file coords27.csv (CSV, C-alpha atoms)
chain,number,residue,atom,x,y,z
I,1,MET,CA,-15.9,-29.2,-68.1
I,2,ALA,CA,-16.5,-32.3,-65.8
I,3,MET,CA,-12.7,-32.5,-65.3
I,4,ARG,CA,-12.5,-28.9,-64.2
I,5,LYS,CA,-15.4,-29.3,-61.7
I,6,GLY,CA,-13.6,-32.4,-60.3
I,7,LYS,CA,-10.4,-30.3,-59.7
I,8,ILE,CA,-12.3,-27.5,-58.1
I,9,ALA,CA,-14.1,-30.0,-55.8
I,10,LEU,CA,-10.8,-31.6,-54.9
I,11,PHE,CA,-9.2,-28.2,-54.3
I,12,ALA,CA,-12.1,-27.1,-52.1
I,13,SER,CA,-11.9,-30.4,-50.1
I,14,VAL,CA,-8.2,-29.9,-49.5
I,15,ILE,CA,-8.7,-26.3,-48.3
I,16,VAL,CA,-11.5,-27.3,-46.0
I,17,GLY,CA,-9.3,-30.1,-44.6
I,18,ILE,CA,-6.5,-27.7,-44.0
I,19,LEU,CA,-8.8,-25.3,-42.2
I,20,PHE,CA,-10.1,-28.1,-39.9
I,21,MET,CA,-6.5,-29.2,-39.2
I,22,ALA,CA,-5.4,-25.7,-38.4
I,23,ALA,CA,-8.4,-25.2,-36.0
I,24,GLY,CA,-7.5,-28.5,-34.3
I,25,LEU,CA,-3.8,-27.5,-33.9
I,26,LEU,CA,-4.7,-24.1,-32.5
I,27,THR,CA,-7.1,-25.7,-30.0
I,28,ALA,CA,-4.4,-28.2,-29.0
I,29,ALA,CA,-1.8,-25.4,-28.8
I,30,ASP,CA,-4.1,-23.6,-26.3
I,31,THR,CA,-4.0,-26.6,-24.0
I,32,PRO,CA,-1.1,-26.4,-21.6
I,33,ASP,CA,1.1,-29.4,-20.7
I,34,VAL,CA,1.2,-28.5,-17.1
I,35,VAL,CA,-1.4,-26.5,-15.0
I,36,LYS,CA,-0.5,-25.0,-11.7
I,37,ILE,CA,-3.5,-25.0,-9.4
I,38,GLU,CA,-2.9,-22.1,-7.0
I,39,ASN,CA,-4.7,-21.7,-3.7
I,40,GLN,CA,-5.9,-18.1,-4.3
I,41,GLY,CA,-9.0,-16.8,-2.7
I,42,TYR,CA,-9.2,-19.2,0.3
I,43,LYS,CA,-9.8,-17.8,3.8
I,44,LYS,CA,-6.6,-19.5,4.8
I,45,ASP,CA,-4.0,-20.9,2.4
I,46,ARG,CA,-2.9,-24.0,4.3
I,47,LYS,CA,-1.1,-26.0,1.5
I,48,GLY,CA,1.1,-25.2,-1.5
I,49,ALA,CA,0.0,-25.2,-5.1
I,50,VAL,CA,-0.7,-28.5,-7.0
I,51,THR,CA,1.1,-29.0,-10.3
I,52,PHE,CA,-1.2,-30.9,-12.5
I,53,THR,CA,0.2,-32.7,-15.6
I,54,HIS,CA,-2.7,-32.0,-18.0
I,55,LYS,CA,-1.0,-33.6,-21.0
I,56,LYS,CA,-0.1,-36.8,-19.1
I,57,HIS,CA,-3.6,-37.2,-17.8
I,58,SER,CA,-5.3,-36.6,-21.1
I,59,GLU,CA,-2.9,-38.3,-23.5
I,60,ASP,CA,-1.0,-41.0,-21.4
I,61,TYR,CA,-3.8,-41.9,-19.0
I,62,LYS,CA,-6.6,-41.4,-21.5
I,63,ILE,CA,-8.8,-39.4,-19.1
I,64,ALA,CA,-11.8,-38.0,-20.9
I,65,CYS,CA,-12.0,-34.2,-20.9
I,66,THR,CA,-15.5,-34.4,-19.4
I,67,GLU,CA,-14.1,-36.1,-16.3
I,68,CYS,CA,-12.9,-32.6,-15.2
I,69,HIS,CA,-14.4,-30.0,-17.5
I,70,HIS,CA,-18.1,-29.5,-17.1
I,71,ASP,CA,-21.1,-27.2,-17.6
I,72,TYR,CA,-24.0,-28.7,-15.7
I,73,LYS,CA,-27.6,-28.0,-16.6
I,74,ASP,CA,-30.4,-29.9,-14.9
I,75,GLY,CA,-27.9,-32.5,-13.6
I,76,LYS,CA,-26.3,-33.2,-17.0
I,77,ASN,CA,-22.9,-32.3,-18.2
I,78,LEU,CA,-23.4,-30.4,-21.5
I,79,TRP,CA,-19.7,-29.5,-21.9
I,80,LYS,CA,-18.1,-31.1,-24.9
I,81,GLU,CA,-14.5,-31.0,-26.3
I,82,GLY,CA,-14.0,-27.7,-28.1
I,83,ASP,CA,-16.3,-25.8,-25.8
I,84,PRO,CA,-14.6,-22.9,-23.9
I,85,VAL,CA,-13.0,-24.0,-20.7
I,86,LYS,CA,-13.8,-21.8,-17.7
I,87,LYS,CA,-11.5,-21.4,-14.8
I,88,CYS,CA,-12.9,-23.5,-11.9
I,89,VAL,CA,-13.2,-20.4,-9.7
I,90,GLU,CA,-15.8,-18.9,-12.0
I,91,CYS,CA,-18.4,-21.3,-10.6
I,92,HIS,CA,-16.7,-22.8,-7.5
I,93,ASP,CA,-16.2,-20.1,-4.8
I,94,PRO,CA,-13.1,-20.7,-2.7
I,95,LYS,CA,-14.9,-19.5,0.5
I,96,LYS,CA,-18.4,-20.9,0.4
I,97,LYS,CA,-20.7,-23.5,-1.1
I,98,ASN,CA,-23.2,-22.0,-3.5
I,99,GLY,CA,-26.3,-24.2,-3.6
I,100,LYS,CA,-25.3,-27.5,-5.0
I,101,VAL,CA,-22.0,-26.1,-6.3
I,102,ASP,CA,-19.1,-27.2,-4.1
I,103,LYS,CA,-16.5,-24.8,-2.7
I,104,LEU,CA,-13.4,-24.8,-4.9
I,105,MET,CA,-11.2,-27.0,-2.7
I,106,ASN,CA,-14.0,-29.5,-2.2
I,107,ALA,CA,-14.6,-29.7,-5.9
I,108,PHE,CA,-10.9,-30.3,-6.6
I,109,HIS,CA,-10.6,-32.9,-3.8
I,110,LYS,CA,-13.8,-34.7,-4.8
I,111,ASP,CA,-12.7,-34.8,-8.5
I,112,CYS,CA,-9.0,-35.6,-8.1
I,113,LYS,CA,-9.1,-37.8,-5.0
I,114,THR,CA,-12.1,-39.9,-6.2
I,115,CYS,CA,-10.4,-40.6,-9.5
I,116,HIS,CA,-7.0,-41.4,-7.8
I,117,LYS,CA,-8.8,-43.8,-5.3
I,118,GLU,CA,-10.4,-45.7,-8.2
I,119,VAL,CA,-7.0,-46.0,-10.0
I,120,ALA,CA,-5.3,-47.1,-6.8
I,121,ALA,CA,-7.9,-49.7,-6.3
I,122,GLN,CA,-6.8,-51.2,-9.7
I,123,GLY,CA,-3.3,-51.5,-8.2
I,124,LYS,CA,-1.8,-48.5,-10.0
I,125,LYS,CA,0.0,-45.6,-8.5
I,126,ALA,CA,-2.2,-42.6,-7.9
I,127,PRO,CA,-1.6,-40.6,-4.7
I,128,TYR,CA,-4.7,-39.6,-2.6
I,129,LYS,CA,-3.9,-40.1,1.1
I,130,LYS,CA,-1.1,-37.7,1.9
I,131,CYS,CA,-1.5,-34.0,1.1
I,132,ASN,CA,2.2,-33.5,0.2
I,133,ASP,CA,1.9,-36.1,-2.6
I,134,CYS,CA,0.1,-33.5,-4.7
I,135,HIS,CA,0.6,-30.2,-2.8
I,136,ALA,CA,4.0,-28.5,-3.0
I,137,LYS,CA,5.5,-27.5,0.3
I,138,LYS,CA,5.0,-23.9,1.2
call {"tool": "encode", "arguments": {"input": "coords27.csv", "output": "structure tokens"}}
result
Amino acid sequence: MAMRKGKIALFASVIVGILFMAAGLLTAADTPDVVKIENQGYKKDRKGAVTFTHKKHSEDYKIACTECHHDYKDGKNLWKEGDPVKKCVECHDPKKKNGKVDKLMNAFHKDCKTCHKEVAAQGKKAPYKKCNDCHAKK
């Protein structure tokens, strides 16, 4: 009887482990390697799209998800890995600032350029001065 309970517990543990692995793989499969940041919704589209290498930033450069993904409440980022990822435009309007929420372009520039400046200050390559280093030509 004890042997049977042990086998059942082992089998249940294996099944639970497989379910967690499958959930992790599905979540990872939803994460694109490359994200194209389009300039849709702006009053005037002055620059081309930015091709962002999501996989390179998260895996190779070890940038924490919360460096970009956020859900602020009372000044604290409550977003954590596994939470749904909203499109930036859902909160950041391309045309106008909404209270403390930056316009979309300013949010991208603040997030990306600030990080790139910090990396460049460490002597590593991270473009932030010339628009065409990130933006494709139109």
call {"tool": "atom_distance", "arguments": {"input": "coords27.csv", "atom1": "atom CA of I:Cys115", "atom2": "atom CA of I:His70"}}
result
15.5 Å
call {"tool": "atom_distance", "arguments": {"input": "coords27.csv", "atom1": "atom CA of I:Cys68", "atom2": "atom CA of I:Cys112"}}
result
8.6 Å
call {"tool": "atom_distance", "arguments": {"input": "coords27.csv", "atom1": "atom CA of I:Pro94", "atom2": "atom CA of I:Lys36"}}
result
16.1 Å
call {"tool": "closest_residue", "arguments": {"input": "coords27.csv", "among": "I:Ala121, I:Tyr42, I:Ala136, I:Thr31", "to": "I:Asn106", "atoms": "only C-alpha atoms"}}
result
I:Tyr42
call {"tool": "closest_residue", "arguments": {"input": "coords27.csv", "among": "I:Tyr61, I:Lys47, I:Pro32, I:Glu38", "to": "I:Cys88", "atoms": "all atoms listed in the file"}}
result
I:Glu38
call {"tool": "closest_residue", "arguments": {"input": "coords27.csv", "among": "I:Cys134, I:Ala126, I:Val85, I:Val119", "to": "I:Phe52", "atoms": "all atoms listed in the file"}}
result
I:Cys134
call {"tool": "residues_near_point", "arguments": {"input": "coords27.csv", "point": "(1.1, -29.6, -11.0)", "cutoff": "12 Å", "atoms": "only C-alpha atoms", "output": "ChimeraX atom specification"}}
result
/I:32-38,48-57,132-136
call {"tool": "residues_around", "arguments": {"input": "coords27.csv", "residues": "I:Cys91", "least_positions_apart": "3", "cutoff": "9 Å", "atoms": "all atoms listed in the file", "output": "PyMOL selection string"}}
result
chain I and resi 86-88+98+101-104
call {"tool": "residues_around", "arguments": {"input": "coords27.csv", "residues": "I:Glu67", "least_positions_apart": "3", "cutoff": "12 Å", "atoms": "all atoms listed in the file", "output": "list of chain:residue names"}}
result
I:His57, I:Ser58, I:Lys62, I:Ile63, I:Ala64, I:His70, I:Asp71, I:Asn77, I:Trp79, I:Lys80, I:Glu81, I:Phe108, I:Lys110, I:Asp111, I:Cys112, I:Thr114, I:Cys115
